[in-house]
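As stored in entry-v2.cif (mmCIF, C-alpha atoms):
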data_start
loop_
_atom_site.label_atom_id
_atom_site.label_comp_id
_atom_site.auth_asym_id
_atom_site.auth_seq_id
_atom_site.Cartn_x
_atom_site.Cartn_y
_atom_site.Cartn_z
CA MET A 2 -15.36 10.84 8.94
CA THR A 3 -12.96 13.75 8.56
CA ASN A 4 -12.71 14.75 4.91
CA LEU A 5 -9.05 15.10 3.88
CA THR A 6 -8.67 17.33 0.86
CA ARG A 7 -5.36 17.98 -0.89
CA ARG A 8 -5.31 21.41 0.75
CA THR A 9 -5.73 19.80 4.18
CA VAL A 10 -2.87 17.41 3.47
CA LEU A 11 -0.56 20.20 2.35
CA ARG A 12 -1.51 22.36 5.32
CA THR A 13 -0.70 19.47 7.65
CA LEU A 14 2.70 19.09 6.04
CA ALA A 15 3.43 22.78 6.43
CA THR A 16 2.53 22.90 10.10
CA THR A 17 4.06 19.63 11.30
CA SER A 18 7.72 19.31 12.13
CA ALA A 19 9.91 16.58 10.70
CA ILE A 20 10.66 15.08 14.11
CA PRO A 21 8.85 11.97 15.38
CA LEU A 22 5.18 12.52 16.00
CA ILE A 23 4.15 12.07 19.61
CA GLY A 24 0.75 10.50 19.86
CA MET A 25 0.15 11.28 23.52
CA PRO A 26 -1.38 14.66 24.32
CA HIS A 27 -0.13 16.66 27.29
CA VAL A 28 -0.66 14.65 30.48
CA ALA A 29 0.55 15.05 34.00
CA ARG A 30 2.70 11.93 34.07
CA ALA A 31 4.94 9.94 31.79
CA ALA A 32 3.47 7.01 29.91
CA GLU A 33 3.95 3.57 31.42
CA ILE A 34 3.98 1.90 28.00
CA GLU A 35 5.80 3.40 25.01
CA LEU A 36 5.19 1.94 21.56
CA LYS A 37 7.24 2.93 18.49
CA TYR A 38 5.72 2.94 15.01
CA GLY A 39 7.78 3.42 11.86
CA ASN A 40 6.66 3.92 8.26
CA ASN A 41 8.00 5.10 4.90
CA LEU A 42 5.45 7.81 4.08
CA PRO A 43 5.62 11.62 4.51
CA LEU A 44 3.75 13.39 7.29
CA SER A 45 1.24 14.71 4.78
CA HIS A 46 0.06 11.25 3.73
CA PRO A 47 -3.36 10.17 5.05
CA LEU A 48 -1.71 7.14 6.66
CA ASN A 49 0.26 9.35 9.04
CA ILE A 50 -2.62 11.76 9.64
CA ARG A 51 -4.91 8.90 10.64
CA ALA A 52 -2.19 7.13 12.61
CA GLN A 53 -1.71 10.29 14.64
CA GLU A 54 -5.44 10.36 15.38
CA ALA A 55 -5.23 6.73 16.52
CA ALA A 56 -2.27 7.53 18.78
CA GLU A 57 -4.16 10.41 20.38
CA ARG A 58 -7.20 8.20 20.91
CA VAL A 59 -5.07 5.51 22.57
CA ALA A 60 -3.48 8.07 24.90
CA LYS A 61 -6.88 9.47 25.85
CA GLU A 62 -8.59 6.12 26.41
CA THR A 63 -5.69 4.82 28.52
CA ASN A 64 -5.48 8.06 30.53
CA GLY A 65 -1.96 8.64 29.30
CA LYS A 66 -0.76 5.16 30.22
CA VAL A 67 0.12 4.28 26.61
CA GLU A 68 2.11 6.50 24.25
CA ILE A 69 2.56 5.73 20.55
CA LYS A 70 5.49 7.53 18.95
CA ILE A 71 5.29 7.78 15.16
CA PHE A 72 8.46 7.93 13.05
CA PRO A 73 7.42 8.74 9.45
CA ASN A 74 9.24 9.12 6.15
CA ASN A 75 11.88 6.39 6.61
CA GLN A 76 13.33 8.05 9.74
CA LEU A 77 14.12 4.57 11.07
CA GLY A 78 15.45 3.22 7.77
CA GLY A 79 14.04 1.72 4.60
CA ASP A 80 11.39 -0.96 4.34
CA THR A 81 13.87 -3.81 4.75
CA ASP A 82 15.38 -2.15 7.84
CA MET A 83 12.01 -1.53 9.49
CA LEU A 84 10.78 -5.02 8.71
CA SER A 85 13.85 -6.36 10.47
CA GLN A 86 13.34 -3.99 13.41
CA VAL A 87 9.71 -4.96 13.94
CA ARG A 88 10.70 -8.62 13.84
CA ASN A 89 13.43 -8.22 16.45
CA GLY A 90 11.43 -5.84 18.65
CA GLY A 91 13.38 -2.67 17.93
CA ILE A 92 10.08 -1.05 16.95
CA THR A 93 6.58 -2.16 17.90
CA PHE A 94 4.63 -1.33 14.74
CA PHE A 95 5.33 -1.08 11.02
CA THR A 96 3.13 -0.74 7.93
CA PRO A 97 4.76 -2.64 5.07
CA SER A 98 2.99 -2.95 1.76
CA ALA A 99 1.90 -6.47 0.91
CA LEU A 100 4.77 -6.75 -1.59
CA VAL A 101 7.29 -5.88 1.14
CA ILE A 102 6.05 -8.34 3.74
CA ALA A 103 5.82 -10.98 1.01
CA THR A 104 9.60 -11.35 1.31
CA LEU A 105 8.83 -13.08 4.62
CA VAL A 106 5.32 -14.34 3.94
CA PRO A 107 4.98 -15.13 0.21
CA VAL A 108 1.20 -15.51 0.26
CA ALA A 109 0.91 -11.88 1.42
CA ALA A 110 1.50 -10.81 -2.20
CA ILE A 111 -1.69 -12.49 -3.39
CA ASN A 112 -3.61 -9.20 -3.39
CA ALA A 113 -1.15 -7.97 -6.07
CA VAL A 114 -2.06 -10.61 -8.65
CA GLY A 115 -2.39 -8.77 -11.96
CA PHE A 116 -5.88 -7.58 -12.95
CA ALA A 117 -7.49 -9.66 -10.19
CA PHE A 118 -9.63 -6.91 -8.66
CA ALA A 119 -12.12 -4.98 -10.76
CA ASP A 120 -12.89 -2.42 -8.05
CA TYR A 121 -12.70 -1.63 -4.34
CA ASP A 122 -15.83 -3.65 -3.56
CA GLN A 123 -13.92 -6.78 -4.58
CA VAL A 124 -10.77 -5.66 -2.77
CA TRP A 125 -12.46 -5.23 0.59
CA LYS A 126 -14.63 -8.33 0.15
CA ALA A 127 -11.41 -10.32 -0.11
CA MET A 128 -9.13 -8.55 2.34
CA ASP A 129 -11.77 -7.99 5.04
CA GLY A 130 -12.98 -11.54 4.51
CA LYS A 131 -11.55 -15.04 4.36
CA LEU A 132 -8.54 -14.20 2.17
CA GLY A 133 -7.39 -11.49 4.57
CA ALA A 134 -7.81 -13.86 7.51
CA HIS A 135 -5.74 -16.48 5.68
CA VAL A 136 -2.91 -13.99 5.12
CA ARG A 137 -3.02 -12.75 8.73
CA ASP A 138 -2.69 -16.33 9.92
CA ALA A 139 0.38 -16.79 7.71
CA ILE A 140 1.86 -13.55 9.08
CA SER A 141 1.36 -14.80 12.65
CA LYS A 142 3.61 -17.77 11.88
CA VAL A 143 6.65 -15.45 11.58
CA ASN A 144 5.96 -13.99 15.05
CA LEU A 145 4.18 -10.87 13.80
CA TYR A 146 0.67 -9.73 14.60
CA ALA A 147 -1.37 -8.24 11.75
CA PHE A 148 -4.31 -6.00 12.62
CA GLU A 149 -7.65 -6.92 11.10
CA LYS A 150 -8.07 -4.00 8.70
CA MET A 151 -5.60 -3.32 5.90
CA TRP A 152 -4.81 0.30 5.05
CA ASP A 153 -5.02 1.44 1.44
CA ASN A 154 -2.09 2.10 -0.87
CA GLY A 155 -4.28 2.35 -3.96
CA PHE A 156 -4.54 0.80 -7.39
CA ARG A 157 -1.48 1.10 -9.60
CA GLN A 158 -1.74 2.79 -13.00
CA MET A 159 0.58 2.74 -16.03
CA THR A 160 2.12 5.83 -17.61
CA THR A 161 4.13 6.10 -20.81
CA SER A 162 6.03 8.65 -22.85
CA GLY A 163 4.85 7.04 -26.07
CA LYS A 164 1.63 5.55 -27.36
CA ALA A 165 -1.27 5.38 -24.89
CA ILE A 166 -1.89 1.94 -23.39
CA GLU A 167 -5.46 0.86 -24.10
CA SER A 168 -5.20 -2.93 -24.31
CA ALA A 169 -2.69 -5.75 -23.91
CA LYS A 170 -1.36 -5.35 -27.45
CA GLU A 171 0.29 -2.01 -26.53
CA MET A 172 2.45 -3.84 -23.97
CA ALA A 173 4.54 -5.74 -26.53
CA GLY A 174 8.18 -4.71 -26.13
CA LEU A 175 7.34 -1.82 -23.79
CA LYS A 176 10.32 -0.90 -21.59
CA ILE A 177 8.59 -0.36 -18.25
CA ARG A 178 10.03 0.18 -14.79
CA VAL A 179 8.63 -2.13 -12.12
CA PRO A 180 9.44 -2.60 -8.41
CA VAL A 181 11.89 -5.27 -7.34
CA SER A 182 9.09 -7.81 -7.03
CA PRO A 183 8.95 -11.30 -8.60
CA LEU A 184 5.19 -11.03 -9.03
CA SER A 185 5.37 -7.72 -10.89
CA ILE A 186 8.21 -8.89 -13.13
CA SER A 187 6.35 -12.11 -13.91
CA MET A 188 3.16 -10.25 -14.84
CA PHE A 189 4.79 -7.78 -17.22
CA LYS A 190 6.85 -10.50 -18.90
CA ALA A 191 3.63 -12.46 -19.43
CA LEU A 192 2.22 -9.35 -21.14
CA ASP A 193 5.24 -9.39 -23.52
CA ALA A 194 6.63 -6.17 -22.03
CA ALA A 195 10.29 -5.63 -21.13
CA PRO A 196 10.21 -4.93 -17.38
CA ALA A 197 13.20 -3.35 -15.65
CA SER A 198 13.46 -3.55 -11.86
CA LEU A 199 14.72 -0.23 -10.50
CA GLN A 200 14.63 1.41 -7.08
CA PHE A 201 12.02 4.15 -6.94
CA SER A 202 14.70 6.80 -6.46
CA GLU A 203 15.95 5.99 -9.98
CA VAL A 204 12.59 6.20 -11.78
CA TYR A 205 12.52 9.88 -12.77
CA SER A 206 16.02 9.88 -14.27
CA ALA A 207 15.42 6.55 -16.02
CA LEU A 208 12.33 7.99 -17.70
CA GLN A 209 14.07 11.25 -18.48
CA THR A 210 17.03 9.51 -20.17
CA LYS A 211 14.81 6.94 -21.93
CA VAL A 212 16.35 3.98 -20.12
CA VAL A 213 12.69 3.02 -19.78
CA ASP A 214 9.66 4.48 -21.54
CA ALA A 215 6.98 3.67 -18.99
CA GLN A 216 6.35 3.06 -15.29
CA GLU A 217 3.50 2.09 -12.97
CA ASN A 218 2.47 3.50 -9.59
CA PRO A 219 -0.59 4.79 -7.71
CA LEU A 220 -1.65 8.27 -8.83
CA PRO A 221 -0.51 10.11 -5.66
CA ILE A 222 3.01 8.73 -6.19
CA ILE A 223 2.97 9.86 -9.82
CA GLN A 224 2.01 13.31 -8.57
CA VAL A 225 4.49 13.72 -5.71
CA ALA A 226 7.40 12.39 -7.81
CA LYS A 227 6.46 14.76 -10.69
CA LEU A 228 6.52 11.91 -13.18
CA TYR A 229 4.08 13.89 -15.31
CA GLU A 230 7.11 15.94 -16.36
CA VAL A 231 8.62 12.94 -18.16
CA GLN A 232 5.47 11.02 -19.14
CA LYS A 233 2.77 11.83 -21.66
CA SER A 234 -0.20 9.59 -20.91
CA CYS A 235 -1.67 7.58 -18.07
CA ALA A 236 -3.75 4.46 -18.53
CA ILE A 237 -6.28 3.82 -15.78
CA SER A 238 -5.43 0.14 -15.69
CA ASN A 239 -5.95 -0.71 -12.01
CA HIS A 240 -3.64 -3.61 -12.80
CA ILE A 241 -2.51 -4.17 -9.21
CA TRP A 242 -4.05 -3.21 -5.90
CA ASP A 243 -1.70 -2.91 -2.96
CA GLY A 244 -2.30 -2.10 0.66
CA PHE A 245 -0.45 -1.76 3.94
CA TRP A 246 -0.61 -4.40 6.63
CA PHE A 247 -0.43 -2.72 10.04
CA ILE A 248 1.76 -5.19 11.91
CA ALA A 249 3.18 -5.50 15.41
CA ASN A 250 6.03 -7.46 16.92
CA GLY A 251 4.37 -10.65 18.15
CA ARG A 252 6.07 -10.82 21.53
CA ALA A 253 5.46 -7.14 22.27
CA TRP A 254 1.81 -7.43 21.29
CA ARG A 255 1.23 -10.51 23.41
CA GLY A 256 2.90 -8.72 26.32
CA LEU A 257 0.34 -5.92 26.41
CA PRO A 258 -2.54 -6.16 28.91
CA ALA A 259 -5.78 -7.35 27.31
CA ASP A 260 -7.54 -4.03 27.87
CA VAL A 261 -4.70 -2.14 26.20
CA GLN A 262 -4.72 -4.56 23.28
CA LYS A 263 -8.40 -3.86 22.70
CA ILE A 264 -8.01 -0.08 22.88
CA VAL A 265 -5.03 -0.10 20.49
CA ALA A 266 -6.64 -2.54 18.05
CA ASP A 267 -9.92 -0.61 17.95
CA ALA A 268 -8.10 2.69 17.40
CA ILE A 269 -5.85 1.35 14.64
CA ASN A 270 -8.58 -0.56 12.80
CA ASP A 271 -10.96 2.42 12.94
CA ALA A 272 -8.21 4.75 11.69
CA GLY A 273 -7.51 2.34 8.85
CA MET A 274 -11.13 2.45 7.74
CA LYS A 275 -11.00 6.26 7.64
CA GLN A 276 -7.72 6.20 5.72
CA ARG A 277 -9.36 4.09 3.02
CA GLY A 278 -11.89 6.83 2.39
CA ASP A 279 -9.11 9.43 2.36
CA ILE A 280 -7.21 7.61 -0.38
CA LYS A 281 -10.33 7.24 -2.52
CA ALA A 282 -11.05 10.97 -2.29
CA LEU A 283 -7.40 11.89 -2.80
CA ASN A 284 -7.18 9.82 -5.98
CA GLU A 285 -10.07 11.77 -7.51
CA THR A 286 -8.39 15.07 -6.67
CA VAL A 287 -4.99 13.92 -7.89
CA GLN A 288 -6.25 12.87 -11.32
CA ALA A 289 -7.70 16.32 -11.94
CA ASP A 290 -4.43 17.91 -10.83
CA LEU A 291 -2.35 15.68 -13.09
CA GLN A 292 -4.60 16.44 -16.04
CA SER A 293 -4.10 20.15 -15.42
CA LYS A 294 -0.35 19.53 -15.65
CA GLY A 295 -0.69 17.96 -19.09
CA LEU A 296 -0.90 14.24 -18.36
CA ALA A 297 -3.53 12.67 -20.62
CA PHE A 298 -5.74 9.92 -19.19
CA ASN A 299 -7.46 7.03 -20.91
CA LYS A 300 -9.40 3.94 -19.91
CA THR A 301 -8.23 0.41 -20.67
CA ASN A 302 -9.79 -2.91 -21.59
CA PRO A 303 -9.00 -5.14 -18.60
CA ASP A 304 -10.43 -8.25 -20.28
CA SER A 305 -7.69 -8.11 -22.92
CA PHE A 306 -5.01 -8.08 -20.21
CA ARG A 307 -6.61 -10.96 -18.29
CA ALA A 308 -6.90 -13.01 -21.49
CA LYS A 309 -3.23 -12.42 -22.28
CA LEU A 310 -2.14 -13.38 -18.77
CA ARG A 311 -4.32 -16.47 -18.86
CA ASP A 312 -2.92 -17.57 -22.22
CA ALA A 313 0.64 -16.99 -21.01
CA GLY A 314 0.08 -19.27 -18.00
CA PHE A 315 0.60 -16.44 -15.49
CA TYR A 316 -2.42 -17.29 -13.36
CA LYS A 317 -1.67 -21.01 -13.34
CA GLU A 318 1.91 -20.36 -12.24
CA TRP A 319 0.90 -18.15 -9.33
CA GLN A 320 -1.97 -20.43 -8.34
CA GLU A 321 0.66 -23.10 -7.76
CA ARG A 322 2.95 -20.70 -5.88
CA PHE A 323 0.28 -19.36 -3.54
CA GLY A 324 -1.43 -22.70 -3.02
CA ALA A 325 -4.90 -23.98 -3.79
CA GLU A 326 -6.47 -22.73 -0.55
CA ALA A 327 -5.36 -19.11 -0.89
CA TRP A 328 -6.13 -19.04 -4.62
CA GLY A 329 -9.60 -20.44 -3.99
CA LEU A 330 -10.28 -17.64 -1.50
CA LEU A 331 -9.11 -15.05 -4.03
CA GLU A 332 -11.32 -16.42 -6.78
CA GLY A 333 -14.21 -16.61 -4.32
CA ALA A 334 -14.03 -12.81 -4.11
CA VAL A 335 -13.19 -11.89 -7.70
CA GLY A 336 -14.35 -14.78 -9.87
CA LYS A 337 -12.43 -17.29 -11.98
CA LEU A 338 -8.93 -16.24 -13.03
CA ALA A 339 -6.88 -19.31 -13.92
#

Since I need it in another form, could you write the structure as structure tokens?
Amino acid sequence: MTNLTRRTVLRTLATTSAIPLIGMPHVARAAEIELKYGNNLPLSHPLNIRAQEAAERVAKETNGKVEIKIFPNNQLGGDTDMLSQVRNGGITFFTPSALVIATLVPVAAINAVGFAFADYDQVWKAMDGKLGAHVRDAISKVNLYAFEKMWDNGFRQMTTSGKAIESAKEMAGLKIRVPVSPLSISMFKALDAAPASLQFSEVYSALQTKVVDAQENPLPIIQVAKLYEVQKSCAISNHIWDGFWFIANGRAWRGLPADVQKIVADAINDAGMKQRGDIKALNETVQADLQSKGLAFNKTNPDSFRAKLRDAGFYKEWQERFGAEAWGLLEGAVGKLA
């Protein structure tokens, strides 16, 4: 596995143009099959680096017959736009986070249940196992094809400009920015916080002007958005794990020859496995960098958060929303929640 350090990522960003990435290396003839892939991440992100490797592998193994063009960094629109495009066939592939695709397939948000996963072992046991298969089946019912392996978006952590968050009691009355997600809003309300749904583009200014005092995101996002400039401490809460489903337009996928399907699926799933390792290594590097910039880190007591959510009826509510079958598969991987 290629080891992606922060230096490697930055070097890639510096040497790659902002135009669509072309996955096919130089060949003597034009590709017979052109597949478009859009995403919302910068070129430097491990997702795009590994996707490019997958595109090159597909071109090589099909002798230039198949070309995957990658359009990163919202070049084709925002998440809602690209989700619509992959549904109508305007693009072939898209990598929405589970919370994004949950607008179409509600059960896809089940991996984001608050404080469900203790670590990555539990995450991959669930998402590479029966729970992941259950979600993929639900995705197929809206005429989308989900590849077997999810790509990693990381655990989300909480930062604040005030008192460090160590247990559930520090959440009472906390004005915290959350994504526009019913599950996230429900969780923070159950913790007695005061969640405010804001677009990510508004987060820095909202923290700077004290509209909110806290926010939550994966560490690489906290770094790239320079939120350490307006936040004092970071609680390693791992309160939500989120990942990217690599999805394809159902009709376009079914229209590919069987041998091409296998080559593409193998390349994308293998690249996803490598990207998982990249994110794990990047998180370790990012924490050290954020500490050097003055952001203080502390551990939390996850049991106190789970107890609070249980007492507030959060788990019971979402067990009913997701359904007994899906919830049973989640608890089979992580243990009893509700």

Find the residues around Pro180 (chain A) up to 9 Å (all atoms listed in the file counted), leave out those fewer than 4 positions away in its own chain, and share them as a short mmCIF file (atom, residue, chain, number, x, y, z; two decimals) with C-alpha atoms, keeping the file's coordinate frame.
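Writing the result to around.cif gives the following:
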data_model
loop_
_atom_site.label_atom_id
_atom_site.label_comp_id
_atom_site.auth_asym_id
_atom_site.auth_seq_id
_atom_site.Cartn_x
_atom_site.Cartn_y
_atom_site.Cartn_z
CA SER A 185 5.37 -7.72 -10.89
CA ILE A 186 8.21 -8.89 -13.13
CA ALA A 197 13.20 -3.35 -15.65
CA SER A 198 13.46 -3.55 -11.86
CA LEU A 199 14.72 -0.23 -10.50
CA GLN A 200 14.63 1.41 -7.08
CA PHE A 201 12.02 4.15 -6.94
CA GLU A 217 3.50 2.09 -12.97
#

Interatomic distance (Å, one decimal) between CA of Leu330 (chain A) and CA of Ser238 (chain A)
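Pair CA of Leu330 (chain A) / CA of Ser238 (chain A) returns 23.3 Å.
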
Can you pull out the residues contacting Gln158 (chain A)? Cut-off 10 Å, using only C-alpha atoms, and skip same-chain residues under 5 positions away; I want them as number ranges by chain.
A: 216-220, 223, 235-242

Expected file contents, prior selection, C-alpha atoms, as an mmCIF file, keeping the file's coordinate frame:
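Here's the written file out-v2.cif:
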data_model
loop_
_atom_site.group_PDB
_atom_site.id
_atom_site.type_symbol
_atom_site.label_atom_id
_atom_site.label_comp_id
_atom_site.auth_asym_id
_atom_site.auth_seq_id
_atom_site.Cartn_x
_atom_site.Cartn_y
_atom_site.Cartn_z
ATOM 1 C CA GLN A 216 6.350 3.060 -15.290
ATOM 2 C CA GLU A 217 3.500 2.090 -12.970
ATOM 3 C CA ASN A 218 2.470 3.500 -9.590
ATOM 4 C CA PRO A 219 -0.590 4.790 -7.710
ATOM 5 C CA LEU A 220 -1.650 8.270 -8.830
ATOM 6 C CA ILE A 223 2.970 9.860 -9.820
ATOM 7 C CA CYS A 235 -1.670 7.580 -18.070
ATOM 8 C CA ALA A 236 -3.750 4.460 -18.530
ATOM 9 C CA ILE A 237 -6.280 3.820 -15.780
ATOM 10 C CA SER A 238 -5.430 0.140 -15.690
ATOM 11 C CA ASN A 239 -5.950 -0.710 -12.010
ATOM 12 C CA HIS A 240 -3.640 -3.610 -12.800
ATOM 13 C CA ILE A 241 -2.510 -4.170 -9.210
ATOM 14 C CA TRP A 242 -4.050 -3.210 -5.900
#

Identify the residues within 12 Å of coordinate (3.2, 2.2, 27.8) (same frame as the file), considering only C-alpha atoms, and give the answer as a VMD selection string.
chain A and resid 24 to 25 30 to 37 56 59 to 60 63 to 70 93 253 to 254 256 to 258 261 to 262 265

May I ask for the distance between CA of Lys190 (chain A) and CA of Lys211 (chain A), given in Å to one decimal place?
19.4 Å

So how far away is CA of Ala109 (chain A) from CA of Lys131 (chain A), in Å?
13.2 Å

Using all atoms listed in the file, can you tell me which of A:Val143, A:Asn41, A:Asn49, A:Ala110 comes closest to Asp82 (chain A)?
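Looking at the shortest contact to Asp82 (chain A), the residue is A:Asn41.
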
What would the list of residues within 6 Å of (10.1, 13.4, -15.0) (file frame) look like as a PyMOL selection string, if all atoms listed in the file are what count?
chain A and resi 205+209+227-228+230-231

Next, write the just-selected residues to a file, as a PDB file, keeping the file's coordinate frame, keeping C-alpha atoms as the atom set.
ATOM      1  CA  TYR A 205      12.520   9.880 -12.770  1.00  0.00           C
ATOM      2  CA  GLN A 209      14.070  11.250 -18.480  1.00  0.00           C
ATOM      3  CA  LYS A 227       6.460  14.760 -10.690  1.00  0.00           C
ATOM      4  CA  LEU A 228       6.520  11.910 -13.180  1.00  0.00           C
ATOM      5  CA  GLU A 230       7.110  15.940 -16.360  1.00  0.00           C
ATOM      6  CA  VAL A 231       8.620  12.940 -18.160  1.00  0.00           C
TER       7      VAL A 231
END

Exercise: Arg51 (chain A) partners within 8 Å, only C-alpha atoms, chain neighbours under 6 positions left out, as a short mmCIF file (atom, residue, chain, number, x, y, z; two decimals) with C-alpha atoms, in the frame of the given file:
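Output contents, as saved in result-v1.cif:
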data_model
loop_
_atom_site.label_atom_id
_atom_site.label_comp_id
_atom_site.auth_asym_id
_atom_site.auth_seq_id
_atom_site.Cartn_x
_atom_site.Cartn_y
_atom_site.Cartn_z
CA ALA A 272 -8.21 4.75 11.69
CA GLY A 273 -7.51 2.34 8.85
CA LYS A 275 -11.00 6.26 7.64
CA GLN A 276 -7.72 6.20 5.72
#

Rank nothing, just name the residue among A:Leu310, A:Ala127, A:Gln232, A:Pro73 nearest to Thr210 (chain A), using all atoms listed in the file.
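Closest candidate: A:Gln232.
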
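If you apply the PyMOL selection byres ((chain A and resi 136-140) around 9) to this structure, you end up with Ile102, Leu105, Val106, Pro107, Val108, Ala109, Ile111, Met128, Lys131, Leu132, Gly133, Ala134, His135, Ser141, Lys142, Val143, Asn144, Leu145, Tyr146, Ala147, Phe148, Glu149, Trp246, Ile248 and Ala327 of chain A.
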
Okay, now the selection with C-alpha atoms, as a PDB file, in the frame of the given file?
ATOM      1  CA  ILE A 102       6.050  -8.340   3.740  1.00  0.00           C
ATOM      2  CA  LEU A 105       8.830 -13.080   4.620  1.00  0.00           C
ATOM      3  CA  VAL A 106       5.320 -14.340   3.940  1.00  0.00           C
ATOM      4  CA  PRO A 107       4.980 -15.130   0.210  1.00  0.00           C
ATOM      5  CA  VAL A 108       1.200 -15.510   0.260  1.00  0.00           C
ATOM      6  CA  ALA A 109       0.910 -11.880   1.420  1.00  0.00           C
ATOM      7  CA  ILE A 111      -1.690 -12.490  -3.390  1.00  0.00           C
ATOM      8  CA  MET A 128      -9.130  -8.550   2.340  1.00  0.00           C
ATOM      9  CA  LYS A 131     -11.550 -15.040   4.360  1.00  0.00           C
ATOM     10  CA  LEU A 132      -8.540 -14.200   2.170  1.00  0.00           C
ATOM     11  CA  GLY A 133      -7.390 -11.490   4.570  1.00  0.00           C
ATOM     12  CA  ALA A 134      -7.810 -13.860   7.510  1.00  0.00           C
ATOM     13  CA  HIS A 135      -5.740 -16.480   5.680  1.00  0.00           C
ATOM     14  CA  SER A 141       1.360 -14.800  12.650  1.00  0.00           C
ATOM     15  CA  LYS A 142       3.610 -17.770  11.880  1.00  0.00           C
ATOM     16  CA  VAL A 143       6.650 -15.450  11.580  1.00  0.00           C
ATOM     17  CA  ASN A 144       5.960 -13.990  15.050  1.00  0.00           C
ATOM     18  CA  LEU A 145       4.180 -10.870  13.800  1.00  0.00           C
ATOM     19  CA  TYR A 146       0.670  -9.730  14.600  1.00  0.00           C
ATOM     20  CA  ALA A 147      -1.370  -8.240  11.750  1.00  0.00           C
ATOM     21  CA  PHE A 148      -4.310  -6.000  12.620  1.00  0.00           C
ATOM     22  CA  GLU A 149      -7.650  -6.920  11.100  1.00  0.00           C
ATOM     23  CA  TRP A 246      -0.610  -4.400   6.630  1.00  0.00           C
ATOM     24  CA  ILE A 248       1.760  -5.190  11.910  1.00  0.00           C
ATOM     25  CA  ALA A 327      -5.360 -19.110  -0.890  1.00  0.00           C
TER      26      ALA A 327
END

Convert the output of the PyMOL selection byres ((chain A and resi 113) around 12) on the shown file into explicit residues, formatted as a VMD selection string.
chain A and resid 98 to 101 103 107 to 112 114 to 118 124 128 154 to 157 182 to 188 239 to 245 316 319 323 331

From the list A:Ala119, A:Met274, A:Ala297, A:Leu84, which residue is nearest Met159 (chain A) when using only C-alpha atoms?
A:Ala297

Please determine, counting only C-alpha atoms, which residue among A:Lys61, A:Gly91, A:Ala334, A:Gly39 has the shortest atom-to-atom distance to Asn75 (chain A).
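Nearest candidate to Asn75 (chain A) out of A:Lys61, A:Gly91, A:Ala334, A:Gly39: A:Gly39.
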
Give me the box for region 137-143 of chain A as AutoDock Vina command-line options, namely the centre and edge lengths in Å to one decimal of a box along x, y and z that holds every listed atom plus 4 Å on each side.
--center_x 1.8 --center_y -15.3 --center_z 10.2 --size_x 17.7 --size_y 13.0 --size_z 12.9

Selection result for the PyMOL selection byres ((chain A and resi 161-174) around 8) on this file, as a VMD selection string:
chain A and resid 159 to 160 175 to 176 192 to 195 214 to 216 231 to 236 299 to 303 305 to 306 309

Using all atoms listed in the file, which of the listed residues (A:Asp279, A:Glu326, A:Val204, A:Ala191) sits closest to Arg311 (chain A)?
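Using all atoms listed in the file, Arg311 (chain A) sits closest to A:Ala191.
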
Quick one: residues within 9 Å of Lys317 (chain A), all atoms listed in the file, excluding same-chain residues fewer than 4 positions away - as a short mmCIF file (atom, residue, chain, number, x, y, z; two decimals) with C-alpha atoms, keeping the file's coordinate frame?
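Listed below is the output, around.cif:
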data_model
loop_
_atom_site.label_atom_id
_atom_site.label_comp_id
_atom_site.auth_asym_id
_atom_site.auth_seq_id
_atom_site.Cartn_x
_atom_site.Cartn_y
_atom_site.Cartn_z
CA ARG A 311 -4.32 -16.47 -18.86
CA ALA A 313 0.64 -16.99 -21.01
CA GLU A 321 0.66 -23.10 -7.76
CA ARG A 322 2.95 -20.70 -5.88
CA LEU A 338 -8.93 -16.24 -13.03
CA ALA A 339 -6.88 -19.31 -13.92
#

Close residues, Ile92 (chain A) itself excluded, 7 Å, only C-alpha atoms, min 5 positions apart in chain, as a PyMOL selection string:
chain A and resi 37-38+86-87

Pick from A:Val287, A:Ala207, A:Ala249, A:Leu77, whichever lies nearest to Phe95 (chain A) using all atoms listed in the file:
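Selected residue with least distance to Phe95 (chain A): A:Ala249.
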